[in-house]
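Source file: upload.txt (compact mmCIF, C-alpha atoms)
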```txt
# COMPACT_ATOMS: atom_id res chain seq x y z
CA MET A 1 -5.59 78.40 106.56
CA SER A 2 -8.38 80.21 108.36
CA THR A 3 -10.82 82.56 106.68
CA GLU A 4 -9.41 85.49 108.64
CA SER A 5 -5.88 84.76 107.37
CA THR A 6 -7.14 84.46 103.80
CA VAL A 7 -8.84 87.85 103.99
CA THR A 8 -5.70 89.36 105.50
CA TRP A 9 -3.52 88.04 102.68
CA GLN A 10 -6.00 89.29 100.10
CA LYS A 11 -5.86 92.77 101.63
CA MET A 12 -2.06 92.67 101.70
CA THR A 13 -1.98 91.61 98.03
CA VAL A 14 -4.24 94.49 97.02
CA ILE A 15 -2.20 96.99 99.04
CA ILE A 16 1.10 95.74 97.57
CA ALA A 17 -0.34 95.89 94.04
CA LEU A 18 -1.58 99.44 94.56
CA LEU A 19 1.75 100.55 96.01
CA THR A 20 3.63 98.91 93.13
CA LEU A 21 1.61 100.98 90.68
CA ALA A 22 1.28 104.18 92.69
CA LEU A 23 4.77 104.61 94.13
CA PRO A 24 6.63 104.92 90.77
CA VAL A 25 4.03 107.40 89.49
CA ALA A 26 4.18 109.44 92.69
CA ALA A 27 7.98 109.36 92.73
CA ARG A 28 8.17 110.47 89.10
CA PHE A 29 5.69 113.28 89.71
CA GLY A 30 7.59 114.46 92.79
CA TRP A 31 10.93 114.37 90.95
CA GLN A 32 9.57 116.36 88.00
CA LEU A 33 7.90 118.79 90.39
CA VAL A 34 11.23 119.65 92.01
CA PHE A 35 13.44 119.12 88.94
CA PRO A 36 11.27 119.74 85.84
CA PRO A 37 12.68 118.50 82.53
CA ASN A 38 11.20 121.41 80.56
CA TYR A 39 11.49 124.81 82.18
CA LEU A 40 12.39 127.58 79.75
CA LEU A 41 12.52 131.10 81.18
CA TYR A 42 13.11 134.44 79.55
CA GLU A 43 13.39 138.00 80.78
CA THR A 44 13.54 141.30 78.92
CA THR A 45 15.65 144.28 79.90
CA HIS A 46 14.52 147.88 79.87
CA THR A 47 15.18 149.86 76.72
CA THR A 48 18.21 152.11 77.13
CA LYS A 49 18.21 155.35 75.14
CA VAL A 50 21.37 157.35 74.49
CA SER A 51 21.12 160.16 71.95
CA ASN A 52 20.12 158.51 68.68
CA ILE A 53 20.63 154.91 69.90
CA GLN A 54 18.23 152.57 71.68
CA THR A 55 19.19 149.12 72.91
CA ALA A 56 17.47 146.27 74.76
CA SER A 57 18.05 142.59 75.38
CA VAL A 58 16.18 139.32 75.87
CA ILE A 59 17.83 136.69 78.06
CA VAL A 60 16.62 133.12 77.58
CA VAL A 61 17.55 130.58 80.27
CA ASN A 62 17.09 126.82 80.22
CA ALA A 63 16.37 126.15 83.90
CA GLY A 64 15.16 122.58 83.29
CA ASN A 65 16.97 119.25 83.06
CA SER A 66 16.57 118.56 79.33
CA THR A 67 17.92 120.35 76.30
CA GLN A 68 15.50 122.84 74.77
CA ARG A 69 15.58 122.44 71.00
CA GLU A 70 14.65 124.84 68.23
CA VAL A 71 14.34 127.79 70.61
CA ALA A 72 13.15 130.98 68.92
CA LEU A 73 12.30 134.53 69.92
CA TYR A 74 9.19 136.11 68.38
CA LEU A 75 8.66 139.86 68.14
CA PRO A 76 5.68 141.68 66.63
CA SER A 77 6.31 143.89 63.62
CA ASP A 78 5.58 147.08 65.58
CA SER A 79 8.18 146.35 68.27
CA THR A 80 10.84 148.23 66.32
CA ASP A 81 11.70 149.74 62.96
CA ALA A 82 13.35 146.98 60.93
CA LYS A 83 15.19 149.50 58.74
CA ILE A 84 17.33 150.86 61.56
CA THR A 85 17.54 147.85 63.95
CA SER A 86 20.40 145.39 64.20
CA ILE A 87 20.52 142.20 66.25
CA GLU A 88 23.05 139.80 67.75
CA VAL A 89 22.38 136.34 69.17
CA SER A 90 25.05 135.10 71.56
CA SER A 91 26.22 131.52 71.79
CA PRO A 92 24.84 129.51 74.73
CA ARG A 93 26.78 130.06 77.95
CA ARG A 94 26.47 129.03 81.56
CA SER A 95 23.89 131.25 83.25
CA ASN A 96 26.29 132.27 86.03
CA LEU A 97 28.56 133.93 83.45
CA ARG A 98 26.01 136.53 82.38
CA SER A 99 28.37 139.43 83.14
CA LEU A 100 30.79 138.21 80.47
CA PHE A 101 28.40 138.87 77.58
CA GLU A 102 29.59 141.48 75.11
CA ALA A 103 27.38 142.45 72.21
CA GLU A 104 27.87 144.47 69.04
CA PRO A 105 24.72 143.91 66.98
CA GLN A 106 25.48 144.10 63.25
CA THR A 107 22.95 141.73 61.64
CA PRO A 108 19.85 143.57 60.29
CA ILE A 109 16.72 142.32 62.02
CA ALA A 110 14.98 142.43 58.63
CA LYS A 111 16.78 139.13 57.93
CA TYR A 112 14.36 137.43 60.33
CA SER A 113 11.24 139.23 59.14
CA GLN A 114 7.99 137.28 58.65
CA GLU A 115 4.42 138.27 57.82
CA SER A 116 3.41 138.95 61.43
CA GLY A 117 6.75 140.07 62.84
CA PHE A 118 10.20 138.64 63.46
CA LYS A 119 11.36 135.14 64.30
CA ILE A 120 14.90 135.00 65.70
CA PRO A 121 16.21 131.41 66.00
CA MET A 122 18.51 130.61 68.92
CA GLY A 123 19.18 126.93 68.22
CA ASN A 124 19.41 124.46 71.09
CA ILE A 125 20.02 125.48 74.70
CA ALA A 126 21.44 122.93 77.12
CA PRO A 127 20.41 122.77 80.79
CA GLU A 128 21.70 125.65 82.94
CA GLU A 129 22.72 127.63 79.87
CA GLU A 130 21.39 130.92 78.58
CA VAL A 131 21.36 132.93 75.37
CA ARG A 132 21.26 136.70 75.15
CA VAL A 133 19.59 138.44 72.18
CA THR A 134 20.65 142.07 71.90
CA LEU A 135 18.83 144.59 69.70
CA THR A 136 20.07 148.06 68.81
CA ALA A 137 18.13 150.71 66.90
CA THR A 138 20.34 153.48 65.51
CA SER A 139 19.17 156.61 63.72
CA LYS A 140 21.34 157.96 60.92
CA THR A 141 20.82 161.47 62.23
CA ASP A 142 21.65 162.94 65.62
CA GLU A 143 17.99 163.30 66.54
CA PHE A 144 16.08 161.03 68.88
CA LEU A 145 14.46 158.01 67.25
CA PRO A 146 10.84 158.60 66.28
CA THR A 147 9.93 155.00 67.17
CA ARG A 148 10.58 153.13 70.40
CA LEU A 149 12.37 149.79 70.65
CA SER A 150 9.97 147.74 72.79
CA LEU A 151 10.21 144.12 73.94
CA SER A 152 7.01 144.09 76.00
CA GLU A 153 5.35 141.74 73.51
CA ALA A 154 8.31 139.38 73.17
CA ARG A 155 7.56 135.67 73.16
CA VAL A 156 9.89 132.65 73.39
CA GLU A 157 9.11 129.11 72.30
CA SER A 158 10.94 125.83 71.86
CA SER A 159 9.88 122.51 70.37
CA SER A 160 8.88 121.38 73.89
CA MET A 161 7.17 124.37 75.51
CA SER A 162 6.43 128.06 75.52
CA GLY A 163 8.86 130.15 77.51
CA ILE A 164 7.78 131.55 80.88
CA GLU A 165 8.28 135.25 81.47
CA ALA A 166 10.56 135.68 84.44
CA ASP A 167 12.34 138.20 86.59
CA GLY A 168 15.68 136.49 87.06
CA VAL A 169 16.61 132.83 86.93
CA ARG A 170 13.94 130.54 88.42
CA TYR A 171 11.78 133.45 89.52
CA PRO A 172 8.82 133.40 87.12
CA ALA A 173 6.81 136.58 87.00
CA PHE A 174 3.47 135.18 85.82
CA SER A 175 2.96 131.44 85.75
CA ASP A 176 0.80 128.75 87.31
CA ASP A 177 2.70 125.57 86.39
CA PRO A 178 3.35 123.05 89.23
CA HIS A 179 7.09 123.73 89.52
CA THR A 180 6.59 127.48 89.74
CA MET A 181 4.02 127.05 92.50
CA TYR A 182 6.43 124.71 94.31
CA VAL A 183 9.27 127.25 94.06
CA GLN A 184 7.08 130.06 95.31
CA LEU A 185 5.40 128.13 98.14
CA SER A 186 8.29 125.95 99.36
CA PRO A 187 9.75 128.56 101.78
CA TYR A 188 6.33 129.05 103.40
CA LEU A 189 5.69 125.29 103.58
CA LEU A 190 9.10 124.73 105.13
CA ALA A 191 8.44 127.46 107.69
CA ALA A 192 4.99 126.01 108.49
CA PHE A 193 6.31 122.46 108.92
CA SER A 194 9.23 123.68 111.01
CA THR A 195 6.87 125.65 113.27
CA LEU A 196 4.50 122.69 113.61
CA PHE A 197 7.39 120.33 114.40
CA GLY A 198 8.73 122.76 116.98
CA LEU A 199 5.31 123.06 118.66
CA ILE A 200 4.91 119.29 118.77
CA MET A 201 8.35 118.88 120.37
CA LEU A 202 7.62 121.65 122.88
CA ILE A 203 4.22 120.20 123.83
CA SER A 204 5.74 116.72 124.14
CA LEU A 205 8.49 118.06 126.38
CA LEU A 206 6.03 119.94 128.62
CA HIS A 207 3.78 116.88 128.79
CA ASP A 208 6.69 114.67 129.88
CA ILE A 209 7.78 117.19 132.51
CA PHE A 210 4.42 117.99 134.12
CA PHE A 211 2.04 115.15 133.27
CA ASN A 212 3.96 112.01 132.32
CA THR A 213 5.11 111.00 135.81
CA PRO A 214 6.93 107.69 136.50
CA GLN A 215 3.80 106.37 138.18
CA LYS A 216 1.72 106.96 135.05
CA GLN A 217 4.39 105.39 132.88
CA MET A 218 4.33 102.23 135.04
CA THR A 219 0.52 102.17 134.92
CA ARG A 220 0.55 102.26 131.13
CA LEU A 221 3.21 99.55 131.02
CA TRP A 222 1.18 97.24 133.28
CA ARG A 223 -1.95 97.92 131.21
CA GLN A 224 -0.08 96.98 128.00
CA MET A 225 1.16 93.78 129.65
CA ASP A 226 -2.38 92.88 130.76
CA ASP A 227 -3.71 93.47 127.24
CA LEU A 228 -0.95 91.32 125.79
CA GLN A 229 -1.62 88.49 128.27
CA GLU A 230 -5.34 88.64 127.49
CA LYS A 231 -4.61 88.38 123.77
CA ILE A 232 -2.33 85.37 124.32
CA ASP A 233 -4.97 83.62 126.43
CA LYS A 234 -7.61 84.20 123.74
CA GLU A 235 -5.39 82.72 121.02
CA ARG A 236 -4.64 79.65 123.16
CA ARG A 237 -8.38 79.18 123.79
CA TYR A 238 -9.09 78.75 120.03
CA GLN A 239 -6.13 76.49 119.23
```
This entry written out as structure tokens:
Amino acid sequence: MSTESTVTWQKMTVIIALLTLALPVAARFGWQLVFPPNYLLYETTHTTKVSNIQTASVIVVNAGNSTQREVALYLPSDSTDAKITSIEVSSPRRSNLRSLFEAEPQTPIAKYSQESGFKIPMGNIAPEEEVRVTLTATSKTDEFLPTRLSLSEARVESSSMSGIEADGVRYPAFSDDPHTMYVQLSPYLLAAFSTLFGLIMLISLLHDIFFNTPQKQMTRLWRQMDDLQEKIDKERRYQ
């Protein structure tokens, strides 16, 4: 075996080894970029005030591919008055059935009180399921509540990750994780690639119509045949 062949095989071995290591890692990264295993989103509704009642909700959605375990909602102590606030945690449901939620909060939020606020457990949430936490503050009199029920400082966590604040399913409001950037940039990337592909096809078509004449095609073909014959002659010379 010649030295040139040995070097070629060594290069091929290195390339195959690198591809064997790199391709699975790249494929796994690409899969998790498009379909992340952990992707917990939550959104808060506006506080609705009617007479002496205020109500608001937190919707937690598991938009990833793995079950989110030990999910909990955290609220600071000044988010509401524990004495007059009740809470209800729904069972997990498919996220496309959100309109079917009905809530009648009856559990005092004081049950979940801690030193720094409230911790409301939601259990485990399977992929593509959501849980709604509804809070209602009711005054015993007919006057407006002196305190405001606010969820602006709400926080959601699971055993795998911290929840991402969102504005609807898979539309994060403030996040810089890879999947979020992919979701936000993918329409623009698709448009850019489509435009580039269209321009290339158009330029190729115009080139074939105006510049790539049959005579030029035959000239290139004869040049390729001459190059091939020259290469064959050189290999025969060294045999």
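Of note, CA of Gln215 (chain A) and CA of Asp227 (chain A) are spaced 18.5 Å apart.
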Exercise. Smallest atom-to-atom distance to Leu40 (chain A): which of A:Ala63, A:Ile53, A:Met218, A:Leu73, using all atoms listed in the file?
Worked result: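 Result for the nearest residue to Leu40 (chain A): A:Ala63.
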Problem set entry | Contacts of Tyr39 (chain A) at 12 Å (only C-alpha atoms; same-chain gap of 5+ positions) as a ChimeraX atom specification | /A:32-34,60-68,125-129,156-158,160-166,169-172,175,177-180
For this session: Find, counting all atoms listed in the file, the residue in A:Ser51, A:Thr80, A:Gln106, A:Thr44 that gets nearest to Arg155 (chain A).
Result: A:Thr44
For this session: Kindly indicate which residue among A:Ser57, A:Ser152, A:Thr195, A:Gln114 lies nearest to Val131 (chain A), using all atoms listed in the file for the distances.
Result: A:Ser57
For this session: In the coordinates of the file, take the point (6.7, 141.8, 62.8) and a cut-off of 12 Å; then, counting all atoms listed in the file, name each qualifying protein, DNA or RNA residue as an NGL selection string.
Result: :A and (73-82 or 109-120 or 151 or 153-154)
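Computed from the coordinates, the CA of Ser139 (chain A) to CA of Thr48 (chain A) distance equals 14.2 Å.
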